[in-house]
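Dropping query-v6.cif in here (mmCIF, C-alpha atoms and all ligand atoms):
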```
data_input
loop_
_atom_site.label_atom_id
_atom_site.label_comp_id
_atom_site.auth_asym_id
_atom_site.auth_seq_id
_atom_site.Cartn_x
_atom_site.Cartn_y
_atom_site.Cartn_z
CA MET W 1 -4.44 0.61 -6.43
CA ALA W 2 -7.63 1.60 -8.16
CA MET W 3 -8.40 2.31 -11.79
CA ASN W 4 -9.51 5.81 -10.83
CA GLY W 5 -7.58 6.44 -7.62
CA THR W 6 -5.75 9.47 -9.00
CA ALA W 7 -8.94 11.04 -10.38
CA ALA W 8 -10.82 10.25 -7.18
CA HIS W 9 -8.43 12.54 -5.28
CA GLU W 10 -8.90 15.50 -7.59
CA GLY W 11 -12.04 17.05 -6.09
CA LEU W 12 -10.47 16.84 -2.63
CA ALA W 13 -7.25 18.38 -3.93
CA ALA W 14 -9.19 21.28 -5.49
CA ALA W 15 -11.06 21.81 -2.20
CA GLY W 16 -7.76 21.85 -0.29
CA GLU W 17 -8.84 18.83 1.74
CA LEU W 18 -5.73 16.72 1.31
CA PRO W 19 -2.52 16.71 3.36
CA ALA W 20 0.01 18.80 1.39
CA LEU W 21 2.22 15.83 0.54
CA VAL W 22 -0.76 13.84 -0.75
CA GLY W 23 -1.76 16.79 -2.93
CA ALA W 24 1.76 16.93 -4.36
CA ALA W 25 1.79 13.19 -5.10
CA VAL W 26 -1.62 13.42 -6.77
CA ALA W 27 -0.30 16.29 -8.92
CA LEU W 28 2.67 14.11 -9.92
CA ALA W 29 0.36 11.21 -10.77
CA ARG W 30 -1.85 13.50 -12.86
CA GLU W 31 1.15 15.02 -14.68
CA SER W 32 2.56 11.54 -15.33
CA GLY W 33 -0.76 10.19 -16.64
CA PHE W 34 -0.70 7.59 -13.85
CA ALA W 35 -4.29 6.57 -13.01
CA TYR W 36 -3.66 3.70 -10.60
CA SER W 37 -3.09 5.52 -7.32
CA SER W 38 -4.86 4.29 -4.20
CA LEU W 39 -8.33 5.68 -3.51
CA PRO W 40 -8.46 8.56 -1.02
CA GLU W 41 -10.59 6.41 1.29
CA HIS W 42 -7.82 3.79 1.31
CA GLY W 43 -5.34 6.59 1.91
CA GLU W 44 -7.26 7.54 5.02
CA LEU W 45 -6.97 3.96 6.25
CA LEU W 46 -3.22 4.00 5.55
CA ARG W 47 -2.94 7.17 7.59
CA VAL W 48 -4.64 5.57 10.59
CA LEU W 49 -2.47 2.46 10.31
CA ALA W 50 0.74 4.49 10.01
CA ARG W 51 -0.19 6.44 13.11
CA GLY W 52 -0.59 3.16 14.97
CA VAL W 53 2.98 2.09 14.19
CA GLY W 54 4.73 4.82 16.19
CA PRO W 55 8.52 4.86 15.76
CA GLY W 56 8.54 1.59 13.80
CA VAL W 57 9.23 0.38 10.26
CA ILE W 58 6.73 0.66 7.42
CA GLY W 59 7.18 -0.86 3.96
CA GLU W 60 5.29 -0.51 0.69
CA THR W 61 5.56 -2.51 -2.52
CA GLY W 62 4.59 -0.52 -5.63
CA THR W 63 5.23 3.17 -4.97
CA GLY W 64 3.39 4.34 -8.08
CA CYS W 65 3.52 8.14 -7.93
CA GLY W 66 3.67 8.13 -4.14
CA VAL W 67 0.02 8.78 -3.27
CA GLY W 68 -0.38 5.93 -0.74
CA LEU W 69 3.12 6.67 0.52
CA ALA W 70 2.16 10.31 1.11
CA TRP W 71 -0.86 9.21 3.16
CA LEU W 72 1.43 6.97 5.22
CA ALA W 73 4.04 9.69 5.65
CA SER W 74 1.43 12.30 6.59
CA ALA W 75 0.78 10.45 9.87
CA ALA W 76 4.04 8.62 10.51
CA HIS W 77 5.94 9.21 13.73
CA PRO W 78 9.01 11.47 13.30
CA ASN W 79 11.21 8.45 14.16
CA ALA W 80 9.37 5.99 11.91
CA ARG W 81 11.07 4.67 8.80
CA ILE W 82 9.07 4.16 5.59
CA ILE W 83 10.63 2.36 2.62
CA SER W 84 8.78 1.98 -0.65
CA VAL W 85 9.92 -0.01 -3.69
CA GLU W 86 9.05 0.67 -7.32
CA HIS W 87 10.44 -1.09 -10.38
CA ASP W 88 9.66 1.70 -12.83
CA ALA W 89 12.83 3.84 -12.89
CA GLU W 90 11.13 7.07 -13.96
CA ARG W 91 8.41 6.84 -11.30
CA ALA W 92 10.92 5.84 -8.60
CA SER W 93 13.12 8.82 -9.39
CA ARG W 94 10.26 11.36 -9.55
CA VAL W 95 8.89 10.13 -6.23
CA ALA W 96 12.35 10.19 -4.63
CA GLU W 97 12.54 13.88 -5.62
CA LEU W 98 9.10 14.55 -4.22
CA PHE W 99 9.99 13.01 -0.84
CA HIS W 100 13.49 14.45 -0.73
CA ASP W 101 12.71 16.58 2.32
CA VAL W 102 10.75 13.93 4.20
CA PRO W 103 13.39 12.31 6.39
CA GLN W 104 11.36 9.21 7.30
CA VAL W 105 10.94 8.12 3.65
CA GLY W 106 13.30 6.12 1.45
CA ILE W 107 12.58 5.02 -2.13
CA LEU W 108 14.12 1.90 -3.62
CA ARG W 109 14.22 1.40 -7.35
CA GLY W 110 13.93 -2.32 -8.01
CA ASP W 111 11.83 -5.43 -7.73
CA TRP W 112 9.54 -5.71 -4.71
CA LEU W 113 11.50 -8.66 -3.31
CA GLU W 114 14.39 -6.29 -2.57
CA LEU W 115 12.29 -4.65 0.11
CA ARG W 116 12.58 -7.69 2.38
CA GLY W 117 16.10 -6.69 3.48
CA TYR W 118 14.70 -3.49 5.06
CA GLY W 119 12.36 -5.35 7.44
CA PRO W 120 11.10 -6.78 9.62
CA PHE W 121 8.11 -4.48 9.18
CA ASP W 122 5.51 -3.29 11.64
CA LEU W 123 3.25 -2.33 8.75
CA LEU W 124 3.52 -3.51 5.16
CA ALA W 125 1.32 -2.11 2.37
CA LEU W 126 1.37 -4.59 -0.51
CA ASP W 127 0.42 -2.72 -3.67
CA GLY W 128 2.98 -3.82 -6.24
CA GLY W 129 3.96 -7.37 -5.35
CA GLY W 130 3.68 -9.84 -2.50
CA GLN W 131 -0.13 -10.13 -2.37
CA GLY W 132 -0.16 -13.56 -4.03
CA LYS W 133 -2.45 -12.41 -6.83
CA GLY W 134 -2.08 -14.24 -10.16
CA THR W 135 1.39 -15.73 -10.59
CA ASP W 136 2.93 -13.32 -8.08
CA PRO W 137 4.04 -15.13 -4.86
CA ALA W 138 2.69 -13.99 -1.50
CA ILE W 139 5.18 -12.83 1.11
CA GLU W 140 6.23 -15.31 3.78
CA PRO W 141 5.10 -13.47 6.95
CA ALA W 142 7.89 -14.78 9.20
CA GLU W 143 10.50 -13.40 6.77
CA TRP W 144 8.95 -9.96 6.44
CA LEU W 145 7.00 -9.03 9.55
CA ARG W 146 7.64 -8.42 13.20
CA PRO W 147 5.32 -10.47 15.42
CA GLY W 148 2.11 -8.39 15.52
CA GLY W 149 3.08 -6.71 12.23
CA LEU W 150 0.23 -5.86 9.90
CA VAL W 151 -0.20 -6.37 6.16
CA VAL W 152 -2.65 -4.12 4.30
CA MET W 153 -3.86 -4.69 0.74
CA ASP W 154 -6.49 -2.78 -1.22
CA ASP W 155 -8.75 -3.40 -4.15
CA PHE W 156 -11.00 -6.22 -3.08
CA ALA W 157 -14.74 -6.34 -3.59
CA PRO W 158 -16.45 -6.59 -0.18
CA LEU W 159 -16.74 -10.21 0.87
CA SER W 160 -20.20 -11.48 1.75
CA GLY W 161 -19.88 -15.26 1.42
CA TRP W 162 -17.41 -18.11 1.67
CA PRO W 163 -15.28 -19.02 -0.18
CA PRO W 164 -14.35 -15.58 -1.54
CA LEU W 165 -15.09 -15.30 -5.26
CA PHE W 166 -13.57 -13.16 -7.98
CA GLN W 167 -15.23 -13.16 -11.39
CA GLY W 168 -17.07 -16.35 -10.49
CA GLU W 169 -13.91 -18.25 -9.45
CA VAL W 170 -12.55 -18.87 -5.95
CA ASP W 171 -10.33 -15.91 -5.07
CA GLU W 172 -7.27 -17.87 -3.98
CA ALA W 173 -5.22 -14.80 -3.08
CA ARG W 174 -7.80 -13.61 -0.64
CA ARG W 175 -8.40 -17.09 0.73
CA HIS W 176 -4.63 -17.41 1.27
CA TRP W 177 -4.68 -14.48 3.69
CA LEU W 178 -7.99 -15.20 5.39
CA ASP W 179 -7.04 -18.85 5.99
CA HIS W 180 -3.34 -18.36 6.76
CA PRO W 181 -2.43 -20.27 9.96
CA ARG W 182 -0.03 -17.51 11.09
CA MET W 183 -2.21 -14.50 10.20
CA ARG W 184 -5.33 -13.10 11.80
CA ALA W 185 -7.10 -11.38 8.93
CA THR W 186 -10.26 -9.43 8.16
CA GLN W 187 -11.64 -7.02 5.59
CA VAL W 188 -12.47 -3.37 6.11
CA ASN W 189 -14.75 -1.65 3.62
CA VAL W 190 -13.26 1.73 2.73
CA THR W 191 -16.21 2.52 0.41
CA PRO W 192 -19.38 0.50 -0.16
CA GLU W 193 -17.72 -0.95 -3.28
CA TRP W 194 -14.11 -1.50 -2.18
CA SER W 195 -12.55 -3.24 0.73
CA ALA W 196 -9.06 -3.59 2.13
CA LEU W 197 -7.66 -6.72 3.66
CA LEU W 198 -5.81 -6.45 6.96
CA ALA W 199 -3.77 -9.36 8.29
CA ALA W 200 -1.73 -9.40 11.50
CA TYR W 201 1.19 -11.82 11.91
CA VAL W 202 1.07 -13.94 15.03
CA ALA W 203 4.35 -15.73 15.64
C1 LIG J 1 -1.18 0.11 -8.00
S1 LIG J 1 0.25 0.94 -8.39
C2 LIG J 1 0.78 1.60 -6.86
C3 LIG J 1 -0.06 2.69 -6.32
C4 LIG J 1 0.52 3.34 -5.08
N1 LIG J 1 0.92 2.38 -4.08
C5 LIG J 1 -0.48 4.30 -4.47
O1 LIG J 1 -0.91 4.06 -3.33
O2 LIG J 1 -0.85 5.28 -5.11
C6 LIG J 1 1.36 -0.42 -8.56
C7 LIG J 1 2.80 -0.03 -8.76
O3 LIG J 1 3.57 -1.22 -8.56
C8 LIG J 1 4.64 -1.20 -9.44
N2 LIG J 1 5.12 -2.58 -9.60
C9 LIG J 1 4.52 -3.58 -10.32
N3 LIG J 1 5.24 -4.72 -10.24
C10 LIG J 1 6.31 -4.44 -9.45
C11 LIG J 1 7.42 -5.21 -9.01
N4 LIG J 1 7.58 -6.49 -9.39
N5 LIG J 1 8.33 -4.63 -8.23
C12 LIG J 1 8.20 -3.30 -7.87
N6 LIG J 1 7.17 -2.52 -8.27
C13 LIG J 1 6.23 -3.08 -9.04
C14 LIG J 1 4.04 -0.60 -10.72
O4 LIG J 1 5.05 -0.08 -11.56
C15 LIG J 1 3.11 0.47 -10.16
O5 LIG J 1 3.75 1.71 -10.10
#
```
For this file, write the structure as structure tokens.
Amino acid sequence: MAMNGTAAHEGLAAAGELPALVGAAVALARESGFAYSSLPEHGELLRVLARGVGPGVIGETGTGCGVGLAWLASAAHPNARIISVEHDAERASRVAELFHDVPQVGILRGDWLELRGYGPFDLLALDGGGQGKGTDPAIEPAEWLRPGGLVVMDDFAPLSGWPPLFQGEVDEARRHWLDHPRMRATQVNVTPEWSALLAAYVA
């Protein structure tokens, strides 16, 4: 998620530089007045990660208008399965229509916790629940991930010291992942200002 993720795609869409499905999801986000799509640079990371899964299972919490999902789907193996959950009924139904002809993709309308039943996941993009930010609980890796499975989360400021800080306070959500005894985690800067967190589950 990013405050300007939808707008950040628009120049690329106009230049025809987006995968067709991503362009369609960006158009839906724009039409719906939904600003909080992932940044295109994060989308590129999602595409690389999806490619690495092969014929496995990919999950996403927080479908939004399907922009991140479209990046995932644009590189997913024909036999991969991608399930995304969104609690906003209107958005879930519009995105389900958009992905109607993409056989790997399924959209769930509901709370993010309902996604757990579709795992264990090889790749899990947490963008609408499960990150452990604020009062939201973090996923329990053993219940959600296959050994070696990867969690990806966006929207962190690049980390340059320890402990991680957010607005002057210790960033407990990020520390949770970077210190987790069952996860091997790092950050990847997708722009100079924004980083993603990647964490692999080791059983
Ligand atoms: C940051 S946006 C998602 C952006 C999208 N993943 C993308 O890459 O463009 C977060 C989405 O999570 C959804 N959401 C928030 N809380 C949720 C919950 N408890 N269960 C399911 N979806 C939730 C919001 O409605 C919103 O559409």
Expected answer as a PyMOL selection string: residues within 7 Å of ligand LIG 1 (chain J), only C-alpha atoms and all ligand atoms: chain W and resi 1-2+36-38+61-69+85-88+110-112+127-129
Just to be explicit: take each residue in the selection above, keep C-alpha atoms, and write the result as a PDB file, keeping the file's coordinate frame.
```pdb
ATOM      1  CA  MET W   1      -4.440   0.610  -6.430  1.00  0.00           C
ATOM      2  CA  ALA W   2      -7.630   1.600  -8.160  1.00  0.00           C
ATOM      3  CA  TYR W  36      -3.660   3.700 -10.600  1.00  0.00           C
ATOM      4  CA  SER W  37      -3.090   5.520  -7.320  1.00  0.00           C
ATOM      5  CA  SER W  38      -4.860   4.290  -4.200  1.00  0.00           C
ATOM      6  CA  THR W  61       5.560  -2.510  -2.520  1.00  0.00           C
ATOM      7  CA  GLY W  62       4.590  -0.520  -5.630  1.00  0.00           C
ATOM      8  CA  THR W  63       5.230   3.170  -4.970  1.00  0.00           C
ATOM      9  CA  GLY W  64       3.390   4.340  -8.080  1.00  0.00           C
ATOM     10  CA  CYS W  65       3.520   8.140  -7.930  1.00  0.00           C
ATOM     11  CA  GLY W  66       3.670   8.130  -4.140  1.00  0.00           C
ATOM     12  CA  VAL W  67       0.020   8.780  -3.270  1.00  0.00           C
ATOM     13  CA  GLY W  68      -0.380   5.930  -0.740  1.00  0.00           C
ATOM     14  CA  LEU W  69       3.120   6.670   0.520  1.00  0.00           C
ATOM     15  CA  VAL W  85       9.920  -0.010  -3.690  1.00  0.00           C
ATOM     16  CA  GLU W  86       9.050   0.670  -7.320  1.00  0.00           C
ATOM     17  CA  HIS W  87      10.440  -1.090 -10.380  1.00  0.00           C
ATOM     18  CA  ASP W  88       9.660   1.700 -12.830  1.00  0.00           C
ATOM     19  CA  GLY W 110      13.930  -2.320  -8.010  1.00  0.00           C
ATOM     20  CA  ASP W 111      11.830  -5.430  -7.730  1.00  0.00           C
ATOM     21  CA  TRP W 112       9.540  -5.710  -4.710  1.00  0.00           C
ATOM     22  CA  ASP W 127       0.420  -2.720  -3.670  1.00  0.00           C
ATOM     23  CA  GLY W 128       2.980  -3.820  -6.240  1.00  0.00           C
ATOM     24  CA  GLY W 129       3.960  -7.370  -5.350  1.00  0.00           C
TER      25      GLY W 129
END
```
Using only C-alpha atoms: which of W:His9, W:Arg109, W:Arg91, W:Arg116 has the shortest distance to Gly59 in chain W: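 Looking at the shortest contact to Gly59 in chain W, the residue is W:Arg116.
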Two-atom distance - CA of Asn79 in chain W, CA of Arg182 in chain W (Å):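 Result for CA of Asn79 in chain W versus CA of Arg182 in chain W: 28.5 Å, one decimal.
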Counting only C-alpha atoms, the residue of W:Gln131, W:Thr191, W:Ser84, W:Ser93 that sits nearest Gly43 in chain W: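 Nearest to Gly43 in chain W: W:Thr191.
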Nearest-residue call for Pro55 in chain W, choices W:Leu113, W:Val152, W:Ala203, W:Ala76, using only C-alpha atoms: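 Closest candidate: W:Ala76.
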Residues within 7 Å of (-3.4, -12.7, 13.0), file coordinates, counting all atoms listed in the file: what are they? Give the list as a JSON list (two decimals) with C-alpha atoms, in the coordinates of the input.
```
[["chain", "number", "residue", "atom", "x", "y", "z"],
["W", 182, "ARG", "CA", -0.03, -17.51, 11.09],
["W", 183, "MET", "CA", -2.21, -14.50, 10.20],
["W", 184, "ARG", "CA", -5.33, -13.10, 11.80],
["W", 185, "ALA", "CA", -7.10, -11.38, 8.93],
["W", 199, "ALA", "CA", -3.77, -9.36, 8.29],
["W", 200, "ALA", "CA", -1.73, -9.40, 11.50],
["W", 201, "TYR", "CA", 1.19, -11.82, 11.91],
["W", 202, "VAL", "CA", 1.07, -13.94, 15.03]]
```
Local residues around (-4.7, -14.5, -3.0), at most 10 Å away, using only C-alpha atoms, as a list in words: Gly130, Gln131, Gly132, Lys133, Gly134, Thr135, Asp136, Pro137, Ala138, Pro164, Val170, Asp171, Glu172, Ala173, Arg174, Arg175, His176, Trp177 and Leu178 of chain W
